[in-house]
Amino acid sequence: MPEHSPTTPRARRARRTPRIRALAALAATSAAALLLASCSASSDAATPATATVIEAVPSLPTSFAYDDGDFTYAGFEFQVNTNAQLIRNPYVENADGDLQQDYFSFEGELAESYDVSDDGLTYTFHLREGVLSQAGNELTADDVLWSYERKWNTASVAPLLSSPAIVDPARQFSKIDDYTVQITVDRAGDGFTLLALLANVSADIFDSTLLKEHESADDPYAVAWSAENGNYGFGAYMLESMTPGEELVLVANPNYYDGEPEVKKVIQRVVADAGTRTNLVRNDDVQVAVQLRPADLVELEESGAAQTFLADSINYSTAILNTTSGPFADEAVRTAFRYAMPYEQIIEEVYKGRAEAMTGFINPNYPGGTLEGLEPGSYQPEKAKEVLEAAGYTEPVPITILTSNGVPDAQEVAVQIQTYAADAGFDVSIDAVPVATANEKYYSKNFDAYIQRDQAISQSPPYELLLSYTKDSPLNNSGWTSDEYYAAVAEGVEAGDALSEAAGVAWNKAQQIWQAASPAVPIAFIEPSPAFSNTITGYANRSDAVIDFSNVTFVE
C-alpha cells in the first residue's frame with residue numbers, strides 16, 4: 001500500500017497574539033470555593049516531584065468497557081489511557097505549532113511493525129515481544145484473536161463499526177506464530193480503512209488470560225466483569241480507584257511496553273460547571289480542564305493564564321435530526337432547517353472565531369477529496385420558508401432541540417438557532433438536560449434535534465460516511481438509511497485506494513445524496529476545547545478529542 005501523508009491543511013486563521021487584559025472579578029458559589037480550596041491545598045499539585053496531574057471533568061465513565069457501550073467523552077478518555085491497539089496514528093506538529101495526529105499514516109504500537117502483500121489483501125503484524133498487560137501477562141497473538149472473538153460474539157458495536165473492512169475475524173484473522181498475526185481484507189479498497197480501524201479504541205487488545213479467568217455462563221467473555229474492573233489491557237495507565245460522581249484515579253502502568261510515562265498519577269475530579277473548570281485551570285488548582293466554553297478558552301488564551309490549542313480540527317458541532325418520527329420525519333422540514341441554521345452567527349457568537357465553516361461532513365483534507373457540488377452552509381430564512389410553504393406548512397413548525405449540560409457550547413448553539421430560526425418558519429424550544437439524560441434520550445431516539453460535538457475516530461472516508469448511517473447500527477441516531485447512498489460508498493471502496501481521486505468522486509457523490517436528505521446539519525469544525533495550565537506540556541489533538549496523558553510532561 002502506498003504511504004500517505006496529510007494534504008495541506010485548510011487555510012488557518014492567524015493565531016491570536018496573546019495580550020494581557022484585566023479580568024473582571026468572578027463570583028463563586030460556596031461549593032466552587034470549597035472545591036478550589038480543596039484543590040489548592042492538595043499535595044497532588046502537578047510537579048515533577050509528585051508527578052501527578054489533576055483534571056477537571058464534567059463527568060466520569062459509566063463503564064470501564066468499550067464493549068459495554070460508554071461512548072461518552074469520559075468513556076473514551078478512560079479507554080485511550082488504559083488500553084492499546086496494534087497500531088496508532090503518529091503525532092505531528094501542525095501549522096500552529098501544536099501536536100495532532102497524522103490521520104493518514106500509521107506506526108506500530110503493540111505491533112512493532114506490519115507488512116502489506118503486493119495485492120493489498122494481506123496485512124501481517126509483528127507483535128512486540130515481552131509486552132506485559134496491567135496484570136502481568138505477556139501479549140501474544142492469542143490475545144489479538146481472542147479480543148476480536150469477543151468483539152464479534154458480544155453486544156460490542158465493533159462489528160458495525162468495522163464493516164466492511166472486517167466482517168468475519170474468524171476467517172480474516174490468523175495466528176502465524178506467538179508474535180505474528182495476519183489479517184486479510186476482501187478488497188484492496190478496504191485496506192486503508194482496516195488500518196484506520198486498528199488504530200482506534202474499537203480495536204483495543206485485551207489480556208485474554210486475565211479475562212478468561214473471569215468468564216462465566218452468564219458472562220462468557222467477561223464483558224460485565226471488565227465493565228466494573230478496568231485493568232484488563234496493555235495501556236499506559238491503570239485504574240486505582242473511583243468514587244462515582246466525584247473522582248477517578250489512574251496510575252502509571254509499570255508494565256507499559258514504552259516505559260512508565262512521566263505523569264505517574266492522573267486524578268479526574270468532577271466539576272459540573274464549565275465556568276468553574278475554567279477558574280480552576282486559570283488558577284493552576286488543576287492542570288487540565290476539558291470541555292470548556294469557547295468564550296472561556298479565548299479569555300484564557302488572551303490572558304496567558306493557561307494554554308489553549310489550535311488544530312486542523314475534525315471535531316465539529318452538528319445538529320442530528322430524528323428522521324423516524326416528529327417534524328424531521330419530513331425531508332422538506334429537514335431541508336428547511338438546513339437553511340434556517342445561522343452558521344456565521346454561531347461561529348462568531350458561540351465559538352468566538354475558534355471554528356471554521358463546513359461543507360459536507362467528512363474530513364476535507366484527505367488526498368483525492370473534492371467538495372464540488374456540495375452546498376456550503378448558508379443562513380437563508382426566506383428560502384427555508386419557501387421550502388416549508390411548498391410542503392404545505394403555513395404555520396411555524398414547532399421543534400425541540402435537545403442539549404447535554406456536559407457540552408457547554410451546545411446550549412449556546414441551540415439559543416442561536418432558536419433566535420434565528422424564528423424568521424425561517426420554526427418555533428424552537430430547548431431541552432437542556434444532564435449528560436445521562438441526554439444520552440438516554442438520544443440513543444432511544446426520544447428527540448427532534450440534538451446538538452452535539454462529533455467526529456469520526458477513524459479518518460477513512462468510507463468509515464466516516466457509514467459511521468452514523470449504517471442500517472440497524474446503534475450509532476445511527478438519525479434513523480436515516482439510503483440504498484443509493486450505500487451504493488455510492490461501495491463504488492468508492494471498489495475504486496481501490498480510499499485516498500485516490502477516483503474514490504474521492506464516489507465519496508463526493510455519497511455526500512451529495514446525504515445533503516439532499518439532510519439527516520443532520522453540520523455547523524462548523526471547532527477547535528479543541530481543553531486547556532492546560534502552564535506547568536505541563538504535551539497536548540496532542542486526537543480524532544477522539546481526549547487527552548493522552550502518556551504524552552504529557554512537566555515544564556521545568
# chains A, B, ... in the order shown; residues from 1 in each chain; ligands from 1
call {"tool": "closest_atom_pairs", "arguments": {"of": "range 347-431 of chain A", "to": "range 266-287 of chain A", "cutoff": "10 Å", "atoms": "only C-alpha atoms", "output": "CSV"}}
result
residue,atom,partner,partner_atom,distance
A:Asn405,CA,A:Ala272,CA,8.3
A:Gly406,CA,A:Ala272,CA,7.5
A:Val407,CA,A:Ala274,CA,8.8
A:Pro408,CA,A:Ala274,CA,6.6
A:Asp409,CA,A:Ala274,CA,9.7
call {"tool": "write_last_selection", "arguments": {"atoms": "C-alpha atoms", "output": "tab-separated table (two decimals), in the first residue's frame"}}
result
chain	number	residue	atom	x	y	z
A	405	ASN	CA	-25.10	20.03	30.03
A	406	GLY	CA	-21.80	18.20	29.56
A	407	VAL	CA	-21.24	20.07	26.28
A	408	PRO	CA	-21.41	23.71	27.41
A	409	ASP	CA	-21.44	25.22	23.93
call {"tool": "closest_atom_pairs", "arguments": {"of": "range 325-413 of chain A", "to": "range 417-437 of chain A", "cutoff": "10 Å", "atoms": "only C-alpha atoms", "output": "Markdown table"}}
result
| residue | atom | partner | partner_atom | distance |
| --- | --- | --- | --- | --- |
| A:Val333 | CA | A:Phe426 | CA | 9.4 |
| A:Ala336 | CA | A:Ala424 | CA | 7.9 |
| A:Phe337 | CA | A:Ala421 | CA | 7.8 |
| A:Arg338 | CA | A:Ala421 | CA | 9.9 |
| A:Tyr339 | CA | A:Ala424 | CA | 7.8 |
| A:Ala340 | CA | A:Ala421 | CA | 5.0 |
| A:Met341 | CA | A:Ile417 | CA | 6.0 |
| A:Pro342 | CA | A:Tyr420 | CA | 6.3 |
| A:Tyr343 | CA | A:Ile417 | CA | 9.0 |
| A:Gln345 | CA | A:Tyr420 | CA | 9.1 |
| A:Ile346 | CA | A:Ile417 | CA | 8.3 |
| A:Tyr379 | CA | A:Tyr420 | CA | 8.8 |
| A:Gln380 | CA | A:Ala424 | CA | 7.6 |
| A:Pro381 | CA | A:Ala424 | CA | 4.1 |
| A:Glu382 | CA | A:Ala424 | CA | 6.3 |
| A:Lys383 | CA | A:Ala424 | CA | 7.9 |
| A:Ala384 | CA | A:Ala424 | CA | 5.5 |
| A:Lys385 | CA | A:Gly425 | CA | 5.4 |
| A:Glu386 | CA | A:Ala424 | CA | 9.0 |
| A:Val387 | CA | A:Gly425 | CA | 9.7 |
| A:Leu388 | CA | A:Gly425 | CA | 7.4 |
| A:Glu389 | CA | A:Gly425 | CA | 9.1 |
| A:Tyr393 | CA | A:Gly425 | CA | 8.7 |
| A:Thr394 | CA | A:Gly425 | CA | 8.6 |
| A:Glu395 | CA | A:Gly425 | CA | 7.3 |
| A:Pro396 | CA | A:Gly425 | CA | 4.7 |
| A:Val397 | CA | A:Phe426 | CA | 4.6 |
| A:Pro398 | CA | A:Asp427 | CA | 4.5 |
| A:Ile399 | CA | A:Val428 | CA | 5.1 |
| A:Thr400 | CA | A:Ser429 | CA | 4.6 |
| A:Ile401 | CA | A:Ile430 | CA | 4.8 |
| A:Leu402 | CA | A:Asp431 | CA | 4.7 |
| A:Thr403 | CA | A:Ala432 | CA | 4.8 |
| A:Ser404 | CA | A:Val435 | CA | 5.2 |
| A:Asn405 | CA | A:Pro434 | CA | 5.1 |
| A:Gly406 | CA | A:Val435 | CA | 5.5 |
| A:Val407 | CA | A:Val435 | CA | 8.3 |
| A:Ala410 | CA | A:Ala432 | CA | 8.9 |
| A:Gln411 | CA | A:Ala432 | CA | 6.7 |
| A:Glu412 | CA | A:Ile417 | CA | 8.8 |
| A:Val413 | CA | A:Ile417 | CA | 6.3 |
call {"tool": "closest_residue", "arguments": {"among": "A:Gly230, A:Gly97, A:Pro61, A:Gly69", "to": "Asn541 in chain A", "atoms": "only C-alpha atoms"}}
result
A:Gly97
call {"tool": "residues_around", "arguments": {"residues": "Val552 in chain A", "least_positions_apart": "5", "cutoff": "10 Å", "atoms": "only C-alpha atoms", "output": "PyMOL selection string"}}
result
chain A and resi 53+261-263+536-540+547
call {"tool": "write_last_selection", "arguments": {"atoms": "N, CA and C atoms", "output": "mmCIF file, in the first residue's frame"}}
result
data_model
loop_
_atom_site.group_PDB
_atom_site.id
_atom_site.type_symbol
_atom_site.label_atom_id
_atom_site.label_comp_id
_atom_site.auth_asym_id
_atom_site.auth_seq_id
_atom_site.Cartn_x
_atom_site.Cartn_y
_atom_site.Cartn_z
ATOM 1 N N VAL A 53 -1.067 14.810 37.936
ATOM 2 C CA VAL A 53 -1.846 15.823 37.229
ATOM 3 C C VAL A 53 -3.302 15.680 37.642
ATOM 4 N N PRO A 261 5.050 6.413 31.800
ATOM 5 C CA PRO A 261 5.009 7.832 31.402
ATOM 6 C C PRO A 261 5.480 8.735 32.532
ATOM 7 N N GLU A 262 5.823 9.968 32.190
ATOM 8 C CA GLU A 262 6.325 10.908 33.196
ATOM 9 C C GLU A 262 5.254 11.239 34.227
ATOM 10 N N VAL A 263 4.018 11.403 33.785
ATOM 11 C CA VAL A 263 2.917 11.635 34.726
ATOM 12 C C VAL A 263 2.560 10.296 35.359
ATOM 13 N N ILE A 536 2.481 22.212 32.625
ATOM 14 C CA ILE A 536 2.643 20.969 31.874
ATOM 15 C C ILE A 536 2.626 21.269 30.382
ATOM 16 N N THR A 537 3.039 20.295 29.598
ATOM 17 C CA THR A 537 3.001 20.414 28.152
ATOM 18 C C THR A 537 2.744 19.035 27.563
ATOM 19 N N GLY A 538 2.539 18.963 26.251
ATOM 20 C CA GLY A 538 2.362 17.669 25.615
ATOM 21 C C GLY A 538 0.956 17.379 25.155
ATOM 22 N N TYR A 539 0.112 18.424 25.033
ATOM 23 C CA TYR A 539 -1.219 18.184 24.483
ATOM 24 C C TYR A 539 -1.094 17.795 23.007
ATOM 25 N N ALA A 540 -1.886 16.814 22.580
ATOM 26 C CA ALA A 540 -1.963 16.435 21.174
ATOM 27 C C ALA A 540 -3.427 16.267 20.796
ATOM 28 N N ILE A 547 -7.620 13.443 26.067
ATOM 29 C CA ILE A 547 -6.243 13.703 26.465
ATOM 30 C C ILE A 547 -5.463 12.394 26.573
#
call {"tool": "select_by_dssp", "arguments": {"residues": "range 85-277 of chain A", "states": "alpha helix (DSSP H)", "output": "JSON, numbers by chain"}}
result
{"A": [141, 142, 143, 144, 145, 146, 147, 148, 149, 150, 151, 152, 158, 159, 160, 161, 162, 169, 170, 171, 172, 191, 192, 193, 194, 195, 196, 197, 198, 208, 209, 210, 211, 212, 223, 224, 225, 226, 227, 228, 274, 275, 276, 277]}
call {"tool": "write_last_selection", "arguments": {"atoms": "C-alpha atoms", "output": "PDB file, in the first residue's frame"}}
result
ATOM      1  CA  ALA A 141      -1.188 -13.498  19.010  1.00  0.00           C
ATOM      2  CA  ASP A 142      -3.811 -15.369  21.045  1.00  0.00           C
ATOM      3  CA  ASP A 143      -4.783 -12.100  22.759  1.00  0.00           C
ATOM      4  CA  VAL A 144      -5.362 -10.452  19.386  1.00  0.00           C
ATOM      5  CA  LEU A 145      -7.538 -13.266  18.058  1.00  0.00           C
ATOM      6  CA  TRP A 146      -9.479 -13.645  21.321  1.00  0.00           C
ATOM      7  CA  SER A 147     -10.096  -9.894  21.534  1.00  0.00           C
ATOM      8  CA  TYR A 148     -11.784  -9.960  18.136  1.00  0.00           C
ATOM      9  CA  GLU A 149     -13.657 -13.138  19.010  1.00  0.00           C
ATOM     10  CA  ARG A 150     -15.087 -11.248  21.991  1.00  0.00           C
ATOM     11  CA  LYS A 151     -15.940  -8.198  19.897  1.00  0.00           C
ATOM     12  CA  TRP A 152     -17.891 -10.341  17.432  1.00  0.00           C
ATOM     13  CA  ALA A 158     -17.172  -3.193  16.850  1.00  0.00           C
ATOM     14  CA  PRO A 159     -18.758  -5.349  14.117  1.00  0.00           C
ATOM     15  CA  LEU A 160     -20.967  -2.481  12.983  1.00  0.00           C
ATOM     16  CA  LEU A 161     -18.082  -0.018  13.082  1.00  0.00           C
ATOM     17  CA  SER A 162     -15.637  -2.330  11.336  1.00  0.00           C
ATOM     18  CA  PRO A 169     -12.498 -12.189  12.207  1.00  0.00           C
ATOM     19  CA  ALA A 170     -12.702 -15.993  12.449  1.00  0.00           C
ATOM     20  CA  ARG A 171     -11.974 -16.064   8.714  1.00  0.00           C
ATOM     21  CA  GLN A 172      -9.853 -12.925   8.327  1.00  0.00           C
ATOM     22  CA  GLY A 191      -7.002  -1.710   3.326  1.00  0.00           C
ATOM     23  CA  PHE A 192      -6.762   1.888   4.486  1.00  0.00           C
ATOM     24  CA  THR A 193      -9.993   1.521   6.443  1.00  0.00           C
ATOM     25  CA  LEU A 194      -8.605  -1.613   8.113  1.00  0.00           C
ATOM     26  CA  LEU A 195      -5.537   0.275   9.310  1.00  0.00           C
ATOM     27  CA  ALA A 196      -7.621   3.240  10.465  1.00  0.00           C
ATOM     28  CA  LEU A 197      -9.883   0.890  12.426  1.00  0.00           C
ATOM     29  CA  LEU A 198      -6.973  -0.934  14.037  1.00  0.00           C
ATOM     30  CA  SER A 208      -7.297 -12.810  27.302  1.00  0.00           C
ATOM     31  CA  THR A 209      -5.501 -14.771  30.030  1.00  0.00           C
ATOM     32  CA  LEU A 210      -6.939 -12.484  32.713  1.00  0.00           C
ATOM     33  CA  LEU A 211     -10.413 -12.196  31.214  1.00  0.00           C
ATOM     34  CA  LYS A 212     -10.800 -15.928  30.701  1.00  0.00           C
ATOM     35  CA  VAL A 223     -17.667  -8.132  29.469  1.00  0.00           C
ATOM     36  CA  ALA A 224     -19.686  -7.447  32.621  1.00  0.00           C
ATOM     37  CA  TRP A 225     -16.613  -8.126  34.743  1.00  0.00           C
ATOM     38  CA  SER A 226     -14.419  -5.791  32.695  1.00  0.00           C
ATOM     39  CA  ALA A 227     -17.129  -3.113  32.809  1.00  0.00           C
ATOM     40  CA  GLU A 228     -16.588  -2.966  36.567  1.00  0.00           C
ATOM     41  CA  ALA A 274     -17.727  24.709  32.842  1.00  0.00           C
ATOM     42  CA  GLY A 275     -17.017  28.157  34.303  1.00  0.00           C
ATOM     43  CA  THR A 276     -15.694  26.614  37.497  1.00  0.00           C
ATOM     44  CA  ARG A 277     -13.495  24.244  35.484  1.00  0.00           C
TER      45      ARG A 277
END
call {"tool": "select_by_dssp", "arguments": {"residues": "range 374-428 of chain A", "states": "strand (DSSP E)", "output": "JSON, numbers by chain"}}
result
{"A": [397, 398, 399, 400, 401, 402, 403, 404, 426, 427, 428]}
call {"tool": "closest_residue", "arguments": {"among": "A:Asp448, A:Asp219, A:Glu527, A:Glu77", "to": "Ala357 in chain A", "atoms": "only C-alpha atoms"}}
result
A:Glu527
